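J.: Sharing a structure, written as structure tokens. Questions coming.
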Amino acid sequence: MPMLRRPRLSFLVVLLVGGAVASIVVWPQMIGIHRVPFIANVLSLRGVLAGVLGVLAVLVGGVALWRRRWGISAALSLALAAASLGHAGVLVARGWGAPAVGGDLTVVAWNAYGGGASAESVARLVRDTGADVVSLPETDAFAAAEIVGILAREGVSMRHDTIAAAPGGETIPTSILISTALGAYARDASIASTPGLPSGVWRPVDGRGPVLVAAHPMPPLPRVMDQWDAGLRWIAQRCADPDVIVAGDLNATVDHFVGLGARGGMIGGCRDAAAAVGAGAQGTWPVRLPLALAAPIDHVLVGEGWRAESFTVLTDFDAAGSDHRPIVATLARH
């Protein structure tokens with residue numbers, strides 16, 4: 001009777017080391033490296049990572065089969081496959097969305113790419129979604145006024161405001177549109193912007209509506225990682241208010257929020273609307289990638305006084321001229 005061959009030591013060592021590395025690749029939060037250069041960037045694209053690692057697992061496994069060597073190559077193939085399945089599993093757990101339902105408030109966010117998306121396209125988005133609040137990173141005051149004018153001619157009444165630039169940062173404005181049905185709002189000039197790119201806070205004049213934040217922190221690029229991290233912490237500070245609603249291009253996924261939560265929130269005391277309704281895997285940037293592969297970096301966050309009813313990433317505007325997809329969340333008061 002033939003004796004079973006024991007696995008080679010090299011196979012076991014590579015399998016154990018590869019498994020540990022695969023765990024870190026899937027969840028770098030476990031050792032606190034999810035907001036360091038390069039890792040922060042690639043972590044945004046879990047769908048792409050799952051595909052690339054899966055292809056590598058097949059290639060390495062094919063080489064092992066062809067050469068009939070089941071040591072290091074086989075162990076490495078198994079580790080790559082585990083990492084690929086891990087990323088895919090995270091996306092499946094976060095979900096691809098649920099049917100849209102109504103709520104007390106409809107919040108829209110769309111990075112208009114510095115005017116790449118026309119005023120007519122933004123107005124159509126507002127009209128089609130019935131938005132009460134619209135966060136428009138990379139939209140200047142002239143474009144915001146044009147959008148409001150188009151909507152007014154269609155019987156939709158909104159006010160607009162713009163924060164032109166962050167001190168010492170890029171001259172890329174951020175605008176907000178607010179339905180007149182919510183009452184008068186004024187920007188809280190006592191709160192400084194996110195560094196590098198402008199974000200603003202608007203409060204109801206009569207004190208009875210939600211606090212609105214149109215946010216656009218810096219992207220996680222090597223030379224501005226400190227500004228990006230400071231921008232996320234700025235958002236966490238705004239989320240100390242239970243009545244806050246934050247919307248915009250946050251240049252971060254929920255993976256990057258880990259460690260910034262408080263009182264059970266995901267970032268500060270806020271919860272992510274997409275994650276709350278099981279739609280957290282839908283990607284918003286860039287539009288040239290399908291939903292399953294794009295990075296979910298555009299968000300609506302809600303304080304403890306609100307809950308998310310639905311969240312949708314719209315693909316109808318992929319040809320409108322922006323590199324981001326618009327997002328729509330319906331919210332209700334607790």
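Chain lettering (A, B, ...) mirrors the order of the structure tokens, residue numbering begins at 1 for each chain separately, and ligand numbering begins at 1 in order of display.
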Name the residues of segment 45-123 of chain A that come out as strand (DSSP E or B) in a backbone DSSP run; write them as a list in words.
T.: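 Put together, the selection reads Leu105, Thr106, Val107, Val108 and Ala109 of chain A.
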J.: Go ahead and save the picked residues with N, CA and C atoms, as a compact mmCIF listing (two decimals), in the first residue's frame.
T.:
# COMPACT_ATOMS: atom_id res chain seq x y z
N LEU A 105 -36.81 63.34 3.52
CA LEU A 105 -35.84 64.21 2.86
C LEU A 105 -35.09 63.42 1.80
N THR A 106 -34.91 64.02 0.62
CA THR A 106 -34.12 63.41 -0.44
C THR A 106 -32.85 64.22 -0.64
N VAL A 107 -31.71 63.55 -0.49
CA VAL A 107 -30.40 64.21 -0.57
C VAL A 107 -29.64 63.64 -1.77
N VAL A 108 -29.10 64.53 -2.58
CA VAL A 108 -28.36 64.16 -3.79
C VAL A 108 -26.95 64.74 -3.69
N ALA A 109 -25.98 64.03 -4.20
CA ALA A 109 -24.61 64.54 -4.31
C ALA A 109 -24.05 64.15 -5.66
J.: Just the residues within 6 Å of segment 309-317 of chain A, please, counting only C-alpha atoms, with nothing from its chain fewer than 3 positions along; format it as a VMD selection string.
T.: chain A and resid 100 to 101 274 320 326 to 331
J.: Dump C-alpha atoms for the selected residues as a compact mmCIF listing (two decimals), in the first residue's frame?
T.:
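Written file, out.txt:
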# COMPACT_ATOMS: atom_id res chain seq x y z
CA ALA A 100 -35.90 53.02 -3.52
CA VAL A 101 -38.48 54.12 -0.98
CA ALA A 274 -25.35 53.26 1.56
CA ALA A 320 -23.11 63.71 -18.87
CA PRO A 326 -24.54 60.97 -8.82
CA ILE A 327 -25.95 59.43 -5.67
CA VAL A 328 -29.44 59.74 -4.17
CA ALA A 329 -30.44 58.97 -0.57
CA THR A 330 -33.86 59.20 1.03
CA LEU A 331 -33.80 59.88 4.76
J.: Just want the 12 Å neighbourhood of Thr174 of chain A, counted on only C-alpha atoms, with same-chain residues fewer than 3 positions away dropped. Output as number ranges by chain.
T.: A: 109-115, 134-144, 160-166, 170-171, 177, 193-194, 197-201, 213-217, 247-249
J.: Hey, what's within 12 Å of Ala262 of chain A if we count only C-alpha atoms and toss same-chain stuff fewer than 2 positions away? As a list in words, please?
T.: Arg233, Ala236, Gln237, Arg238, Cys239, Ala240, Asp241, Pro242, Phe257, Val258, Gly259, Leu260, Gly264, Gly265, Met266, Ile267, Gly268, Gly269, Cys270, Arg271, Gly303 and Glu304 of chain A
J.: Which of segment 77-282 of chain A end up as helix (DSSP H, G or I) when DSSP is run on this backbone - answer as a PyMOL selection string?
T.: chain A and resi 77-94+119-129+141-153+180-182+222-238+254-257+273-276
J.: So that I can see what lies close to Asn41 of chain A, please list as a VMD selection string the residues with an atom at most 10 Å from it, counting only C-alpha atoms and leaving out residues fewer than 2 positions away in the same chain.
T.: chain A and resid 34 to 39 43 to 45 219 to 222 251 to 253 256 295
J.: Would you export the selected residues with all heavy atoms as a short mmCIF file (atom, residue, chain, number, x, y, z; two decimals), in the first residue's frame, please?
T.:
data_model
loop_
_atom_site.label_atom_id
_atom_site.label_comp_id
_atom_site.auth_asym_id
_atom_site.auth_seq_id
_atom_site.Cartn_x
_atom_site.Cartn_y
_atom_site.Cartn_z
N HIS A 34 -4.70 51.27 6.80
CA HIS A 34 -5.71 51.54 5.77
C HIS A 34 -5.72 52.99 5.31
O HIS A 34 -6.37 53.32 4.32
CB HIS A 34 -7.09 51.15 6.27
CG HIS A 34 -7.46 51.75 7.59
ND1 HIS A 34 -6.78 51.45 8.75
CD2 HIS A 34 -8.44 52.62 7.95
CE1 HIS A 34 -7.33 52.12 9.76
NE2 HIS A 34 -8.32 52.84 9.30
N ARG A 35 -5.00 53.87 6.02
CA ARG A 35 -4.93 55.27 5.58
C ARG A 35 -3.49 55.70 5.30
O ARG A 35 -3.15 56.87 5.44
CB ARG A 35 -5.58 56.20 6.63
CG ARG A 35 -7.09 56.07 6.69
CD ARG A 35 -7.76 57.27 7.38
NE ARG A 35 -7.39 57.39 8.77
CZ ARG A 35 -8.01 56.76 9.78
NH1 ARG A 35 -9.04 55.97 9.53
NH2 ARG A 35 -7.61 56.94 11.03
N VAL A 36 -2.64 54.76 4.88
CA VAL A 36 -1.27 55.09 4.50
C VAL A 36 -1.18 55.15 2.97
O VAL A 36 -2.03 54.58 2.28
CB VAL A 36 -0.26 54.07 5.07
CG1 VAL A 36 -0.36 53.98 6.58
CG2 VAL A 36 -0.45 52.70 4.43
N PRO A 37 -0.19 55.86 2.43
CA PRO A 37 -0.08 55.99 0.97
C PRO A 37 -0.09 54.64 0.26
O PRO A 37 0.36 53.63 0.79
CB PRO A 37 1.26 56.70 0.78
CG PRO A 37 1.46 57.46 2.04
CD PRO A 37 0.87 56.61 3.13
N PHE A 38 -0.61 54.64 -0.94
CA PHE A 38 -0.75 53.50 -1.83
C PHE A 38 -1.83 52.54 -1.35
O PHE A 38 -2.76 52.22 -2.10
CB PHE A 38 0.58 52.75 -2.02
CG PHE A 38 0.44 51.57 -2.94
CD1 PHE A 38 0.26 51.75 -4.30
CD2 PHE A 38 0.45 50.27 -2.45
CE1 PHE A 38 0.09 50.66 -5.15
CE2 PHE A 38 0.30 49.18 -3.29
CZ PHE A 38 0.13 49.38 -4.66
N ILE A 39 -1.74 52.07 -0.11
CA ILE A 39 -2.76 51.15 0.39
C ILE A 39 -4.12 51.83 0.42
O ILE A 39 -5.14 51.23 0.05
CB ILE A 39 -2.37 50.63 1.79
CG1 ILE A 39 -1.12 49.75 1.67
CG2 ILE A 39 -3.51 49.85 2.43
CD1 ILE A 39 -0.56 49.29 3.00
N LEU A 43 -7.13 50.26 -1.88
CA LEU A 43 -8.22 49.72 -1.08
C LEU A 43 -9.57 50.24 -1.56
O LEU A 43 -10.59 49.59 -1.35
CB LEU A 43 -8.01 50.07 0.39
CG LEU A 43 -8.96 49.44 1.41
CD1 LEU A 43 -8.90 47.92 1.35
CD2 LEU A 43 -8.63 49.93 2.81
N SER A 44 -9.57 51.40 -2.21
CA SER A 44 -10.82 51.97 -2.72
C SER A 44 -11.42 51.11 -3.83
O SER A 44 -12.62 51.18 -4.08
CB SER A 44 -10.57 53.38 -3.26
OG SER A 44 -10.10 54.24 -2.26
N LEU A 45 -10.58 50.31 -4.49
CA LEU A 45 -11.03 49.55 -5.66
C LEU A 45 -11.05 48.06 -5.34
O LEU A 45 -10.33 47.26 -5.94
CB LEU A 45 -10.11 49.85 -6.85
CG LEU A 45 -10.15 51.30 -7.34
CD1 LEU A 45 -8.96 51.58 -8.25
CD2 LEU A 45 -11.46 51.58 -8.07
N PRO A 219 -8.14 64.28 -2.13
CA PRO A 219 -7.94 62.85 -2.40
C PRO A 219 -6.68 62.35 -1.72
O PRO A 219 -5.78 63.14 -1.40
CB PRO A 219 -7.82 62.81 -3.92
CG PRO A 219 -7.29 64.15 -4.29
CD PRO A 219 -7.88 65.12 -3.30
N PRO A 220 -6.56 61.03 -1.52
CA PRO A 220 -5.38 60.48 -0.84
C PRO A 220 -4.18 60.33 -1.78
O PRO A 220 -3.77 59.22 -2.12
CB PRO A 220 -5.88 59.12 -0.34
CG PRO A 220 -6.93 58.73 -1.34
CD PRO A 220 -7.60 60.01 -1.76
N LEU A 221 -3.63 61.45 -2.18
CA LEU A 221 -2.44 61.44 -3.03
C LEU A 221 -1.20 61.58 -2.15
O LEU A 221 -1.26 62.19 -1.07
CB LEU A 221 -2.52 62.59 -4.04
CG LEU A 221 -3.74 62.55 -4.97
CD1 LEU A 221 -3.77 63.79 -5.86
CD2 LEU A 221 -3.74 61.28 -5.81
N PRO A 222 -0.05 61.04 -2.59
CA PRO A 222 1.13 60.98 -1.72
C PRO A 222 1.52 62.29 -1.07
O PRO A 222 1.89 62.32 0.11
CB PRO A 222 2.22 60.47 -2.68
CG PRO A 222 1.48 59.66 -3.69
CD PRO A 222 0.17 60.36 -3.88
N ASN A 251 -13.87 61.35 -1.24
CA ASN A 251 -12.57 60.79 -1.62
C ASN A 251 -12.11 59.69 -0.66
O ASN A 251 -10.91 59.57 -0.35
CB ASN A 251 -11.51 61.89 -1.71
CG ASN A 251 -11.58 62.63 -3.04
OD1 ASN A 251 -11.62 62.01 -4.09
ND2 ASN A 251 -11.61 63.94 -2.98
N ALA A 252 -13.06 58.91 -0.16
CA ALA A 252 -12.76 57.83 0.79
C ALA A 252 -13.91 56.83 0.75
O ALA A 252 -15.06 57.19 0.45
CB ALA A 252 -12.61 58.39 2.20
N THR A 253 -13.60 55.59 1.06
CA THR A 253 -14.62 54.57 1.21
C THR A 253 -14.85 54.32 2.70
O THR A 253 -14.14 54.87 3.55
CB THR A 253 -14.21 53.24 0.54
OG1 THR A 253 -13.14 52.65 1.31
CG2 THR A 253 -13.72 53.48 -0.89
N HIS A 256 -11.88 53.48 4.89
CA HIS A 256 -11.02 54.55 5.43
C HIS A 256 -11.61 55.20 6.67
O HIS A 256 -10.90 55.89 7.40
CB HIS A 256 -10.79 55.61 4.35
CG HIS A 256 -10.19 55.07 3.10
ND1 HIS A 256 -10.80 55.16 1.86
CD2 HIS A 256 -9.04 54.39 2.89
CE1 HIS A 256 -10.05 54.58 0.95
NE2 HIS A 256 -8.97 54.11 1.54
N ALA A 295 -15.00 52.75 -7.44
CA ALA A 295 -14.78 53.04 -6.02
C ALA A 295 -15.98 53.78 -5.43
O ALA A 295 -16.39 54.81 -5.98
CB ALA A 295 -13.52 53.88 -5.86
#
J.: Using only C-alpha atoms, determine which residues lie at most 6 Å from Met158 of chain A, disregarding the query and same-chain residues fewer than 5 positions distant; provide the list as a VMD selection string.
T.: chain A and resid 178 to 180
J.: Please provide the set of residues having any atom within 6 Å of Ala75 of chain A, restricted to only C-alpha atoms, with same-chain residues fewer than 3 positions apart removed, written as a list in words.
T.: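 Selected residues are Phe11, Val14, Leu15, Ile72 and Leu78 of chain A.
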J.: Mind dumping the selected residues with C-alpha atoms as a PDB file, in the first residue's frame?
T.:
ATOM      1  CA  PHE A  11       4.473  24.540   1.168  1.00  0.00           C
ATOM      2  CA  VAL A  14       4.309  29.723   2.251  1.00  0.00           C
ATOM      3  CA  LEU A  15       0.675  28.788   2.895  1.00  0.00           C
ATOM      4  CA  ILE A  72       5.473  27.087  -3.219  1.00  0.00           C
ATOM      5  CA  LEU A  78      -4.229  29.348  -2.667  1.00  0.00           C
TER       6      LEU A  78
END
